[in-house]
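Enquirer: So here's protein-v5.tsv, just TSV, N, CA and C atoms:
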chain	number	residue	atom	x	y	z
A	19	MET	N	6.40	-15.04	-2.25
A	19	MET	CA	5.90	-15.19	-0.89
A	19	MET	C	4.64	-16.02	-0.94
A	20	SER	N	4.48	-16.93	-0.03
A	20	SER	CA	3.36	-17.85	-0.07
A	20	SER	C	2.14	-17.32	0.67
A	21	ALA	N	2.30	-16.28	1.46
A	21	ALA	CA	1.15	-15.76	2.21
A	21	ALA	C	0.14	-15.12	1.27
A	22	ALA	N	-1.11	-15.14	1.70
A	22	ALA	CA	-2.17	-14.51	0.92
A	22	ALA	C	-2.03	-12.99	0.99
A	23	PRO	N	-2.44	-12.31	-0.07
A	23	PRO	CA	-2.40	-10.85	-0.02
A	23	PRO	C	-3.34	-10.30	1.04
A	24	HIS	N	-3.01	-9.15	1.56
A	24	HIS	CA	-3.89	-8.43	2.48
A	24	HIS	C	-5.03	-7.83	1.68
A	25	SER	N	-6.24	-7.93	2.18
A	25	SER	CA	-7.41	-7.35	1.51
A	25	SER	C	-8.00	-6.24	2.34
A	26	PHE	N	-8.38	-5.15	1.66
A	26	PHE	CA	-8.94	-3.98	2.32
A	26	PHE	C	-10.15	-3.51	1.52
A	27	PRO	N	-11.33	-3.43	2.15
A	27	PRO	CA	-12.53	-3.03	1.41
A	27	PRO	C	-12.64	-1.50	1.28
A	28	VAL	N	-13.14	-1.07	0.14
A	28	VAL	CA	-13.38	0.35	-0.13
A	28	VAL	C	-14.72	0.46	-0.84
A	29	THR	N	-15.54	1.37	-0.41
A	29	THR	CA	-16.78	1.70	-1.11
A	29	THR	C	-16.57	3.04	-1.80
A	30	VAL	N	-16.98	3.15	-3.06
A	30	VAL	CA	-16.84	4.40	-3.79
A	30	VAL	C	-18.00	5.33	-3.42
A	31	TYR	N	-17.64	6.48	-2.86
A	31	TYR	CA	-18.61	7.49	-2.48
A	31	TYR	C	-18.63	8.61	-3.51
A	32	TYR	N	-19.65	9.44	-3.44
A	32	TYR	CA	-19.80	10.55	-4.38
A	32	TYR	C	-18.54	11.41	-4.41
A	33	GLU	N	-17.96	11.67	-3.25
A	33	GLU	CA	-16.76	12.52	-3.17
A	33	GLU	C	-15.56	11.93	-3.90
A	34	ASP	N	-15.58	10.63	-4.19
A	34	ASP	CA	-14.48	9.97	-4.89
A	34	ASP	C	-14.58	10.11	-6.40
A	35	THR	N	-15.71	10.62	-6.90
A	35	THR	CA	-15.98	10.59	-8.33
A	35	THR	C	-15.97	11.98	-8.97
A	36	ASP	N	-15.92	11.94	-10.30
A	36	ASP	CA	-16.08	13.17	-11.06
A	36	ASP	C	-17.56	13.33	-11.41
A	37	LEU	N	-17.88	14.31	-12.25
A	37	LEU	CA	-19.28	14.56	-12.59
A	37	LEU	C	-19.94	13.39	-13.32
A	38	GLY	N	-19.14	12.53	-13.93
A	38	GLY	CA	-19.69	11.38	-14.64
A	38	GLY	C	-19.88	10.16	-13.75
A	39	GLY	N	-19.57	10.29	-12.45
A	39	GLY	CA	-19.73	9.17	-11.54
A	39	GLY	C	-18.59	8.17	-11.58
A	40	VAL	N	-17.46	8.56	-12.20
A	40	VAL	CA	-16.29	7.70	-12.32
A	40	VAL	C	-15.26	8.16	-11.29
A	41	VAL	N	-14.56	7.21	-10.66
A	41	VAL	CA	-13.55	7.55	-9.67
A	41	VAL	C	-12.46	8.40	-10.31
A	42	TYR	N	-12.18	9.54	-9.68
A	42	TYR	CA	-11.12	10.43	-10.11
A	42	TYR	C	-9.79	9.72	-9.92
A	43	HIS	N	-8.89	9.83	-10.88
A	43	HIS	CA	-7.66	9.02	-10.90
A	43	HIS	C	-6.82	9.13	-9.62
A	44	ALA	N	-6.71	10.30	-9.04
A	44	ALA	CA	-5.87	10.46	-7.84
A	44	ALA	C	-6.43	9.71	-6.64
A	45	ASN	N	-7.71	9.41	-6.65
A	45	ASN	CA	-8.30	8.71	-5.51
A	45	ASN	C	-7.86	7.26	-5.42
A	46	TYR	N	-7.42	6.67	-6.52
A	46	TYR	CA	-6.86	5.32	-6.43
A	46	TYR	C	-5.63	5.32	-5.53
A	47	LEU	N	-4.85	6.40	-5.59
A	47	LEU	CA	-3.67	6.49	-4.72
A	47	LEU	C	-4.09	6.57	-3.26
A	48	LYS	N	-5.20	7.24	-2.98
A	48	LYS	CA	-5.71	7.28	-1.61
A	48	LYS	C	-6.18	5.90	-1.16
A	49	PHE	N	-6.85	5.19	-2.05
A	49	PHE	CA	-7.33	3.85	-1.70
A	49	PHE	C	-6.15	2.93	-1.36
A	50	ILE	N	-5.10	2.94	-2.18
A	50	ILE	CA	-3.98	2.04	-1.91
A	50	ILE	C	-3.18	2.49	-0.69
A	51	GLU	N	-3.15	3.79	-0.42
A	51	GLU	CA	-2.48	4.28	0.80
A	51	GLU	C	-3.20	3.77	2.05
A	52	ARG	N	-4.52	3.86	2.04
A	52	ARG	CA	-5.30	3.35	3.18
A	52	ARG	C	-5.05	1.86	3.38
A	53	ALA	N	-5.00	1.13	2.27
A	53	ALA	CA	-4.76	-0.32	2.36
A	53	ALA	C	-3.38	-0.62	2.92
A	54	ARG	N	-2.37	0.15	2.51
A	54	ARG	CA	-1.02	-0.06	3.05
A	54	ARG	C	-1.00	0.23	4.55
A	55	SER	N	-1.65	1.29	4.96
A	55	SER	CA	-1.70	1.62	6.40
A	55	SER	C	-2.40	0.52	7.18
A	56	ASP	N	-3.48	-0.01	6.63
A	56	ASP	CA	-4.20	-1.09	7.30
A	56	ASP	C	-3.34	-2.35	7.36
A	57	TRP	N	-2.59	-2.64	6.31
A	57	TRP	CA	-1.70	-3.80	6.28
A	57	TRP	C	-0.64	-3.67	7.38
A	58	VAL	N	-0.01	-2.50	7.47
A	58	VAL	CA	1.02	-2.28	8.50
A	58	VAL	C	0.42	-2.41	9.89
A	59	ARG	N	-0.75	-1.83	10.10
A	59	ARG	CA	-1.43	-1.93	11.41
A	59	ARG	C	-1.73	-3.38	11.74
A	60	GLY	N	-2.14	-4.15	10.74
A	60	GLY	CA	-2.44	-5.57	10.94
A	60	GLY	C	-1.21	-6.39	11.30
A	61	LEU	N	-0.03	-5.89	10.96
A	61	LEU	CA	1.21	-6.56	11.34
A	61	LEU	C	1.61	-6.25	12.78
A	62	GLY	N	0.83	-5.37	13.42
A	62	GLY	CA	1.13	-5.00	14.80
A	62	GLY	C	2.10	-3.83	14.91
A	63	ILE	N	2.29	-3.12	13.82
A	63	ILE	CA	3.21	-1.98	13.81
A	63	ILE	C	2.42	-0.71	14.11
A	64	ASP	N	2.82	-0.01	15.14
A	64	ASP	CA	2.19	1.25	15.52
A	64	ASP	C	2.99	2.39	14.91
A	65	GLN	N	2.48	2.98	13.84
A	65	GLN	CA	3.23	4.03	13.16
A	65	GLN	C	3.38	5.29	14.00
A	66	ASN	N	2.45	5.54	14.92
A	66	ASN	CA	2.61	6.68	15.83
A	66	ASN	C	3.78	6.45	16.78
A	67	ALA	N	3.91	5.22	17.28
A	67	ALA	CA	5.03	4.89	18.16
A	67	ALA	C	6.35	4.97	17.41
A	68	LEU	N	6.36	4.50	16.15
A	68	LEU	CA	7.58	4.60	15.36
A	68	LEU	C	7.97	6.05	15.14
A	69	ARG	N	6.99	6.89	14.83
A	69	ARG	CA	7.28	8.31	14.61
A	69	ARG	C	7.85	8.94	15.88
A	70	ALA	N	7.31	8.54	17.03
A	70	ALA	CA	7.83	9.05	18.31
A	70	ALA	C	9.29	8.63	18.51
A	71	GLN	N	9.67	7.50	17.89
A	71	GLN	CA	11.06	7.03	17.95
A	71	GLN	C	11.91	7.63	16.82
A	72	GLY	N	11.29	8.46	15.99
A	72	GLY	CA	12.01	9.11	14.91
A	72	GLY	C	12.05	8.33	13.61
A	73	ILE	N	11.17	7.32	13.45
A	73	ILE	CA	11.15	6.49	12.25
A	73	ILE	C	9.83	6.68	11.51
A	74	VAL	N	9.92	6.91	10.19
A	74	VAL	CA	8.73	7.08	9.36
A	74	VAL	C	8.91	6.31	8.05
A	75	PHE	N	7.82	6.12	7.34
A	75	PHE	CA	7.83	5.52	6.01
A	75	PHE	C	7.48	6.60	5.00
A	76	ALA	N	8.08	6.53	3.84
A	76	ALA	CA	7.77	7.46	2.77
A	76	ALA	C	7.66	6.68	1.46
A	77	VAL	N	6.77	7.14	0.60
A	77	VAL	CA	6.66	6.56	-0.73
A	77	VAL	C	7.80	7.14	-1.56
A	78	HIS	N	8.62	6.24	-2.09
A	78	HIS	CA	9.75	6.65	-2.94
A	78	HIS	C	9.34	6.64	-4.42
A	79	ARG	N	8.52	5.66	-4.78
A	79	ARG	CA	8.12	5.51	-6.18
A	79	ARG	C	6.81	4.77	-6.27
A	80	ILE	N	5.99	5.17	-7.22
A	80	ILE	CA	4.78	4.42	-7.55
A	80	ILE	C	4.68	4.30	-9.06
A	81	GLU	N	4.52	3.07	-9.51
A	81	GLU	CA	4.22	2.80	-10.92
A	81	GLU	C	2.76	2.35	-10.96
A	82	ALA	N	1.94	3.02	-11.77
A	82	ALA	CA	0.51	2.75	-11.74
A	82	ALA	C	-0.05	2.50	-13.13
A	83	ASP	N	-1.00	1.58	-13.20
A	83	ASP	CA	-1.74	1.30	-14.43
A	83	ASP	C	-3.23	1.42	-14.14
A	84	PHE	N	-3.88	2.29	-14.89
A	84	PHE	CA	-5.33	2.46	-14.78
A	84	PHE	C	-5.95	1.61	-15.88
A	85	LEU	N	-6.65	0.55	-15.49
A	85	LEU	CA	-7.12	-0.45	-16.44
A	85	LEU	C	-8.59	-0.33	-16.80
A	86	ALA	N	-9.41	0.05	-15.83
A	86	ALA	CA	-10.85	0.19	-16.05
A	86	ALA	C	-11.41	1.09	-14.95
A	87	PRO	N	-12.51	1.79	-15.22
A	87	PRO	CA	-13.03	2.72	-14.23
A	87	PRO	C	-13.82	2.05	-13.10
A	88	ALA	N	-13.69	2.62	-11.92
A	88	ALA	CA	-14.61	2.29	-10.82
A	88	ALA	C	-15.65	3.39	-10.80
A	89	ARG	N	-16.83	3.05	-10.31
A	89	ARG	CA	-17.95	3.99	-10.37
A	89	ARG	C	-18.61	4.14	-9.01
A	90	LEU	N	-19.41	5.18	-8.92
A	90	LEU	CA	-20.16	5.48	-7.70
A	90	LEU	C	-20.85	4.23	-7.17
A	91	ASP	N	-20.70	3.99	-5.88
A	91	ASP	CA	-21.31	2.87	-5.13
A	91	ASP	C	-20.65	1.51	-5.38
A	92	ASP	N	-19.62	1.46	-6.21
A	92	ASP	CA	-18.91	0.18	-6.37
A	92	ASP	C	-18.29	-0.22	-5.04
A	93	ARG	N	-18.27	-1.51	-4.78
A	93	ARG	CA	-17.58	-2.07	-3.62
A	93	ARG	C	-16.28	-2.67	-4.15
A	94	LEU	N	-15.19	-2.08	-3.70
A	94	LEU	CA	-13.88	-2.46	-4.20
A	94	LEU	C	-13.10	-3.21	-3.13
A	95	THR	N	-12.08	-3.92	-3.59
A	95	THR	CA	-11.13	-4.56	-2.69
A	95	THR	C	-9.74	-4.15	-3.14
A	96	VAL	N	-8.93	-3.70	-2.18
A	96	VAL	CA	-7.53	-3.41	-2.47
A	96	VAL	C	-6.71	-4.56	-1.92
A	97	ARG	N	-5.95	-5.21	-2.78
A	97	ARG	CA	-5.07	-6.30	-2.37
A	97	ARG	C	-3.63	-5.79	-2.36
A	98	THR	N	-2.94	-6.13	-1.28
A	98	THR	CA	-1.56	-5.69	-1.08
A	98	THR	C	-0.69	-6.90	-0.82
A	99	LEU	N	0.43	-6.98	-1.54
A	99	LEU	CA	1.34	-8.11	-1.40
A	99	LEU	C	2.78	-7.61	-1.46
A	100	PRO	N	3.58	-7.87	-0.41
A	100	PRO	CA	5.00	-7.50	-0.48
A	100	PRO	C	5.71	-8.42	-1.46
A	101	VAL	N	6.58	-7.82	-2.30
A	101	VAL	CA	7.26	-8.61	-3.33
A	101	VAL	C	8.78	-8.48	-3.30
A	102	GLN	N	9.31	-7.40	-2.71
A	102	GLN	CA	10.75	-7.22	-2.62
A	102	GLN	C	11.06	-6.44	-1.36
A	103	ALA	N	12.28	-6.66	-0.85
A	103	ALA	CA	12.69	-5.91	0.33
A	103	ALA	C	14.21	-5.80	0.38
A	104	THR	N	14.67	-4.71	0.94
A	104	THR	CA	16.07	-4.52	1.32
A	104	THR	C	16.02	-4.12	2.79
A	105	PRO	N	17.15	-3.92	3.44
A	105	PRO	CA	17.08	-3.52	4.85
A	105	PRO	C	16.33	-2.22	5.12
A	106	ALA	N	16.21	-1.33	4.12
A	106	ALA	CA	15.53	-0.05	4.35
A	106	ALA	C	14.40	0.22	3.37
A	107	ARG	N	14.09	-0.74	2.51
A	107	ARG	CA	13.10	-0.50	1.44
A	107	ARG	C	12.19	-1.70	1.30
A	108	LEU	N	10.93	-1.41	0.96
A	108	LEU	CA	9.94	-2.46	0.77
A	108	LEU	C	9.15	-2.14	-0.49
A	109	VAL	N	8.96	-3.15	-1.35
A	109	VAL	CA	8.18	-2.98	-2.57
A	109	VAL	C	6.91	-3.81	-2.44
A	110	LEU	N	5.78	-3.17	-2.72
A	110	LEU	CA	4.48	-3.82	-2.61
A	110	LEU	C	3.76	-3.77	-3.95
A	111	ASP	N	3.15	-4.89	-4.33
A	111	ASP	CA	2.23	-4.89	-5.46
A	111	ASP	C	0.84	-4.69	-4.90
A	112	GLN	N	0.08	-3.77	-5.49
A	112	GLN	CA	-1.28	-3.50	-5.03
A	112	GLN	C	-2.22	-3.49	-6.23
A	113	GLN	N	-3.41	-4.02	-6.00
A	113	GLN	CA	-4.45	-4.05	-7.02
A	113	GLN	C	-5.75	-3.54	-6.41
A	114	VAL	N	-6.51	-2.81	-7.21
A	114	VAL	CA	-7.86	-2.43	-6.83
A	114	VAL	C	-8.79	-3.23	-7.72
A	115	LEU	N	-9.66	-4.01	-7.09
A	115	LEU	CA	-10.56	-4.90	-7.83
A	115	LEU	C	-12.02	-4.57	-7.54
A	116	CYS	N	-12.86	-4.86	-8.52
A	116	CYS	CA	-14.31	-4.81	-8.34
A	116	CYS	C	-14.82	-6.16	-8.84
A	117	ALA	N	-15.34	-6.94	-7.93
A	117	ALA	CA	-15.84	-8.28	-8.27
A	117	ALA	C	-14.78	-9.08	-9.03
A	118	GLU	N	-13.57	-9.10	-8.52
A	118	GLU	CA	-12.43	-9.85	-9.06
A	118	GLU	C	-11.88	-9.30	-10.37
A	119	ARG	N	-12.43	-8.23	-10.88
A	119	ARG	CA	-11.88	-7.57	-12.07
A	119	ARG	C	-10.88	-6.51	-11.62
A	120	VAL	N	-9.66	-6.59	-12.12
A	120	VAL	CA	-8.62	-5.63	-11.75
A	120	VAL	C	-8.87	-4.32	-12.49
A	121	LEU	N	-9.09	-3.25	-11.71
A	121	LEU	CA	-9.33	-1.93	-12.27
A	121	LEU	C	-8.08	-1.06	-12.30
A	122	PHE	N	-7.22	-1.30	-11.32
A	122	PHE	CA	-6.03	-0.47	-11.13
A	122	PHE	C	-4.97	-1.34	-10.49
A	123	ARG	N	-3.73	-1.15	-10.90
A	123	ARG	CA	-2.65	-1.86	-10.24
A	123	ARG	C	-1.47	-0.91	-10.09
A	124	ALA	N	-0.73	-1.13	-9.02
A	124	ALA	CA	0.42	-0.27	-8.74
A	124	ALA	C	1.51	-1.08	-8.07
A	125	ARG	N	2.72	-0.63	-8.26
A	125	ARG	CA	3.87	-1.14	-7.52
A	125	ARG	C	4.41	0.05	-6.74
A	126	ALA	N	4.33	-0.05	-5.42
A	126	ALA	CA	4.75	1.04	-4.54
A	126	ALA	C	6.06	0.66	-3.86
A	127	THR	N	7.03	1.54	-3.95
A	127	THR	CA	8.30	1.37	-3.26
A	127	THR	C	8.32	2.31	-2.07
A	128	LEU	N	8.42	1.72	-0.88
A	128	LEU	CA	8.44	2.49	0.36
A	128	LEU	C	9.83	2.45	0.95
A	129	VAL	N	10.22	3.55	1.55
A	129	VAL	CA	11.51	3.58	2.24
A	129	VAL	C	11.27	3.91	3.70
A	130	CYS	N	12.13	3.37	4.53
A	130	CYS	CA	12.11	3.66	5.96
A	130	CYS	C	13.18	4.70	6.20
A	131	MET	N	12.82	5.75	6.96
A	131	MET	CA	13.79	6.81	7.19
A	131	MET	C	13.54	7.50	8.52
A	132	SER	N	14.52	8.28	8.93
A	132	SER	CA	14.37	9.09	10.14
A	132	SER	C	13.49	10.29	9.79
A	133	VAL	N	12.96	10.94	10.81
A	133	VAL	CA	12.15	12.13	10.55
A	133	VAL	C	13.00	13.24	9.93
A	134	GLN	N	14.31	13.13	10.01
A	134	GLN	CA	15.22	14.08	9.37
A	134	GLN	C	15.51	13.71	7.92
A	135	GLY	N	14.98	12.56	7.47
A	135	GLY	CA	15.16	12.15	6.08
A	135	GLY	C	16.35	11.25	5.81
A	136	ARG	N	16.94	10.69	6.84
A	136	ARG	CA	18.07	9.76	6.68
A	136	ARG	C	17.54	8.33	6.61
A	137	PRO	N	18.17	7.48	5.77
A	137	PRO	CA	17.72	6.08	5.69
A	137	PRO	C	17.81	5.38	7.04
A	138	ARG	N	16.83	4.53	7.32
A	138	ARG	CA	16.80	3.71	8.54
A	138	ARG	C	16.46	2.29	8.12
A	139	ARG	N	16.80	1.35	8.99
A	139	ARG	CA	16.44	-0.05	8.75
A	139	ARG	C	14.94	-0.24	8.99
A	140	LEU	N	14.36	-1.18	8.27
A	140	LEU	CA	12.96	-1.53	8.48
A	140	LEU	C	12.78	-2.05	9.90
A	141	PRO	N	11.62	-1.77	10.52
A	141	PRO	CA	11.33	-2.38	11.83
A	141	PRO	C	11.36	-3.91	11.71
A	142	ALA	N	11.62	-4.56	12.81
A	142	ALA	CA	11.77	-6.03	12.83
A	142	ALA	C	10.57	-6.74	12.21
A	143	GLU	N	9.35	-6.23	12.44
A	143	GLU	CA	8.16	-6.88	11.90
A	143	GLU	C	8.17	-6.89	10.38
A	144	LEU	N	8.69	-5.83	9.77
A	144	LEU	CA	8.76	-5.78	8.31
A	144	LEU	C	10.01	-6.49	7.79
A	145	ALA	N	11.09	-6.43	8.53
A	145	ALA	CA	12.30	-7.15	8.13
A	145	ALA	C	12.01	-8.65	8.08
A	146	HIS	N	11.17	-9.13	9.00
A	146	HIS	CA	10.78	-10.54	9.03
A	146	HIS	C	10.04	-10.89	7.74
A	147	ILE	N	9.17	-10.03	7.27
A	147	ILE	CA	8.46	-10.26	6.02
A	147	ILE	C	9.43	-10.24	4.86
A	148	GLY	N	10.38	-9.29	4.91
A	148	GLY	CA	11.40	-9.25	3.86
A	148	GLY	C	12.18	-10.53	3.76
A	149	ALA	N	12.49	-11.13	4.91
A	149	ALA	CA	13.21	-12.40	4.92
A	149	ALA	C	12.37	-13.51	4.26
A	150	LYS	N	11.04	-13.47	4.48
A	150	LYS	CA	10.17	-14.48	3.89
A	150	LYS	C	10.13	-14.40	2.37
A	151	ILE	N	10.22	-13.18	1.83
A	151	ILE	CA	10.16	-13.04	0.38
A	151	ILE	C	11.54	-13.09	-0.25
A	152	GLY	N	12.55	-13.30	0.58
A	152	GLY	CA	13.90	-13.48	0.06
A	152	GLY	C	14.65	-12.21	-0.21
A	153	GLY	N	14.17	-11.08	0.28
A	153	GLY	CA	14.83	-9.83	-0.02
A	153	GLY	C	15.82	-9.37	1.02
A	154	ILE	N	15.73	-9.86	2.24
A	154	ILE	CA	16.62	-9.41	3.31
A	154	ILE	C	17.36	-10.61	3.86
A	155	ALA	N	18.66	-10.49	3.92
A	155	ALA	CA	19.47	-11.59	4.46
A	155	ALA	C	19.59	-11.45	5.97
What's the structure tokens form of this structure?
Expert:
Amino acid sequence: MSAAPHSFPVTVYYEDTDLGGVVYHANYLKFIERARSDWVRGLGIDQNALRAQGIVFAVHRIEADFLAPARLDDRLTVRTLPVQATPARLVLDQQVLCAERVLFRARATLVCMSVQGRPRRLPAELAHIGAKIGGIA
């Protein structure tokens, strides 16, 4: 895909760290979740409206690599880039960076489904992105 990745700023607060001032590993998942939500919102997708229509997104799989620690007061950037898509699934590459140094990277596979847990097609706004990356015909 030729589009630039979505960027989302995160500041590391005391609550994000352990006693040594290092970001607790599970908080990286929170950082990338916030970035994904911001990316979807930036596409003009109202997740509350989708839920009211019976459509939700769920994380199906996350592959994560912890490369270097983030620390208290670090200013981080989460970059999100869609890399694969099917009619009901979207794969995103995400990185957490501090001053252009990659600290954490993940590949998140999201599925679109009904609130009852049945597969659903991606909303048109995401299907359009899937078409751009060559994943949806």
Enquirer: Quick one: residues within 7 Å of stretch 133-143 of chain A, all atoms listed in the file counted, chain neighbours fewer than 4 positions away excluded, as a tab-separated table (two decimals) with N, CA and C atoms, keeping the file's coordinate frame?
Expert:
chain	number	residue	atom	x	y	z
A	61	LEU	N	-0.03	-5.89	10.96
A	61	LEU	CA	1.21	-6.56	11.34
A	61	LEU	C	1.61	-6.25	12.78
A	71	GLN	N	9.67	7.50	17.89
A	71	GLN	CA	11.06	7.03	17.95
A	71	GLN	C	11.91	7.63	16.82
A	72	GLY	N	11.29	8.46	15.99
A	72	GLY	CA	12.01	9.11	14.91
A	72	GLY	C	12.05	8.33	13.61
A	73	ILE	N	11.17	7.32	13.45
A	73	ILE	CA	11.15	6.49	12.25
A	73	ILE	C	9.83	6.68	11.51
A	74	VAL	N	9.92	6.91	10.19
A	74	VAL	CA	8.73	7.08	9.36
A	74	VAL	C	8.91	6.31	8.05
A	104	THR	N	14.67	-4.71	0.94
A	104	THR	CA	16.07	-4.52	1.32
A	104	THR	C	16.02	-4.12	2.79
A	105	PRO	N	17.15	-3.92	3.44
A	105	PRO	CA	17.08	-3.52	4.85
A	105	PRO	C	16.33	-2.22	5.12
A	106	ALA	N	16.21	-1.33	4.12
A	106	ALA	CA	15.53	-0.05	4.35
A	106	ALA	C	14.40	0.22	3.37
A	107	ARG	N	14.09	-0.74	2.51
A	107	ARG	CA	13.10	-0.50	1.44
A	107	ARG	C	12.19	-1.70	1.30
A	129	VAL	N	10.22	3.55	1.55
A	129	VAL	CA	11.51	3.58	2.24
A	129	VAL	C	11.27	3.91	3.70
A	147	ILE	N	9.17	-10.03	7.27
A	147	ILE	CA	8.46	-10.26	6.02
A	147	ILE	C	9.43	-10.24	4.86
A	148	GLY	N	10.38	-9.29	4.91
A	148	GLY	CA	11.40	-9.25	3.86
A	148	GLY	C	12.18	-10.53	3.76
Enquirer: Which one of A:Arg89, A:Ala67, A:His78, A:Leu99 sits closest to A:Tyr31 if you count all atoms listed in the file?
Expert: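 Comparing A:Arg89, A:Ala67, A:His78, A:Leu99 against A:Tyr31, the winner is A:Arg89.
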Enquirer: Could you jot down the atom N of A:Gln102 to atom N of A:Val77 separation for me, Å, one decimal place?
Expert: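 So the two atoms, atom N of A:Gln102 and atom N of A:Val77, lie 15.1 Å apart.
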Enquirer: Would you mind reading off the distance between atom CA of A:Ala22 and atom CA of A:Gln113, one decimal, in Å?
Expert: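 Taking atom CA of A:Ala22 as the start and atom CA of A:Gln113 as the end point, the length is 13.3 Å.
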Enquirer: Write down as a list in words the residues belonging to stretch 51-123 of chain A that are assigned helix (DSSP H, G or I) by DSSP computed on the backbone.
Expert: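 Listing helix (DSSP H, G or I) positions across stretch 51-123 of chain A yields Glu51, Arg52, Ala53, Arg54, Ser55, Asp56, Trp57, Val58, Arg59, Gly60, Gln65, Asn66, Ala67, Leu68, Arg69 and Ala70 of chain A.
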Enquirer: Using N, CA and C atoms, can you export the residues from the last selection as a short mmCIF file (atom, residue, chain, number, x, y, z; two decimals), in the coordinates of the input?
Expert:
data_model
loop_
_atom_site.label_atom_id
_atom_site.label_comp_id
_atom_site.auth_asym_id
_atom_site.auth_seq_id
_atom_site.Cartn_x
_atom_site.Cartn_y
_atom_site.Cartn_z
N GLU A 51 -3.15 3.79 -0.42
CA GLU A 51 -2.48 4.28 0.80
C GLU A 51 -3.20 3.77 2.05
N ARG A 52 -4.52 3.86 2.04
CA ARG A 52 -5.30 3.35 3.18
C ARG A 52 -5.05 1.86 3.38
N ALA A 53 -5.00 1.13 2.27
CA ALA A 53 -4.76 -0.32 2.36
C ALA A 53 -3.38 -0.62 2.92
N ARG A 54 -2.37 0.15 2.51
CA ARG A 54 -1.02 -0.06 3.05
C ARG A 54 -1.00 0.23 4.55
N SER A 55 -1.65 1.29 4.96
CA SER A 55 -1.70 1.62 6.40
C SER A 55 -2.40 0.52 7.18
N ASP A 56 -3.48 -0.01 6.63
CA ASP A 56 -4.20 -1.09 7.30
C ASP A 56 -3.34 -2.35 7.36
N TRP A 57 -2.59 -2.64 6.31
CA TRP A 57 -1.70 -3.80 6.28
C TRP A 57 -0.64 -3.67 7.38
N VAL A 58 -0.01 -2.50 7.47
CA VAL A 58 1.02 -2.28 8.50
C VAL A 58 0.42 -2.41 9.89
N ARG A 59 -0.75 -1.83 10.10
CA ARG A 59 -1.43 -1.93 11.41
C ARG A 59 -1.73 -3.38 11.74
N GLY A 60 -2.14 -4.15 10.74
CA GLY A 60 -2.44 -5.57 10.94
C GLY A 60 -1.21 -6.39 11.30
N GLN A 65 2.48 2.98 13.84
CA GLN A 65 3.23 4.03 13.16
C GLN A 65 3.38 5.29 14.00
N ASN A 66 2.45 5.54 14.92
CA ASN A 66 2.61 6.68 15.83
C ASN A 66 3.78 6.45 16.78
N ALA A 67 3.91 5.22 17.28
CA ALA A 67 5.03 4.89 18.16
C ALA A 67 6.35 4.97 17.41
N LEU A 68 6.36 4.50 16.15
CA LEU A 68 7.58 4.60 15.36
C LEU A 68 7.97 6.05 15.14
N ARG A 69 6.99 6.89 14.83
CA ARG A 69 7.28 8.31 14.61
C ARG A 69 7.85 8.94 15.88
N ALA A 70 7.31 8.54 17.03
CA ALA A 70 7.83 9.05 18.31
C ALA A 70 9.29 8.63 18.51
#
Enquirer: So how far away is atom CA of A:Phe49 from atom CA of A:Arg93, in Å?
Expert: 12.0 Å
Enquirer: Run DSSP on the backbone and give me the residues of chain A it puts in strand (DSSP E or B), as a PyMOL selection string.
Expert: chain A and resi 24-29+35+40-41+73-84+89+93-103+107-116+119-132+137
Enquirer: For A:Phe26, please output as a PyMOL selection string all residues within 6 Å (counting all atoms listed in the file; exclusion window: fewer than 5 positions along the same chain).
Expert: chain A and resi 53+94-97
Enquirer: Kindly export the residues of the current selection with N, CA and C atoms, as an mmCIF file, in the coordinates of the input.
Expert:
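The result, written out as again-v4.cif:
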data_model
loop_
_atom_site.group_PDB
_atom_site.id
_atom_site.type_symbol
_atom_site.label_atom_id
_atom_site.label_comp_id
_atom_site.auth_asym_id
_atom_site.auth_seq_id
_atom_site.Cartn_x
_atom_site.Cartn_y
_atom_site.Cartn_z
ATOM 1 N N ALA A 53 -5.000 1.130 2.270
ATOM 2 C CA ALA A 53 -4.760 -0.320 2.360
ATOM 3 C C ALA A 53 -3.380 -0.620 2.920
ATOM 4 N N LEU A 94 -15.190 -2.080 -3.700
ATOM 5 C CA LEU A 94 -13.880 -2.460 -4.200
ATOM 6 C C LEU A 94 -13.100 -3.210 -3.130
ATOM 7 N N THR A 95 -12.080 -3.920 -3.590
ATOM 8 C CA THR A 95 -11.130 -4.560 -2.690
ATOM 9 C C THR A 95 -9.740 -4.150 -3.140
ATOM 10 N N VAL A 96 -8.930 -3.700 -2.180
ATOM 11 C CA VAL A 96 -7.530 -3.410 -2.470
ATOM 12 C C VAL A 96 -6.710 -4.560 -1.920
ATOM 13 N N ARG A 97 -5.950 -5.210 -2.780
ATOM 14 C CA ARG A 97 -5.070 -6.300 -2.370
ATOM 15 C C ARG A 97 -3.630 -5.790 -2.360
#
Enquirer: Ranking A:Pro27, A:Gly39, A:Gly62, A:Pro100 by minimum distance to A:Thr127 and counting only C-alpha atoms, which one comes first?
Expert: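 Smallest separation from A:Thr127 among the options: A:Pro100.
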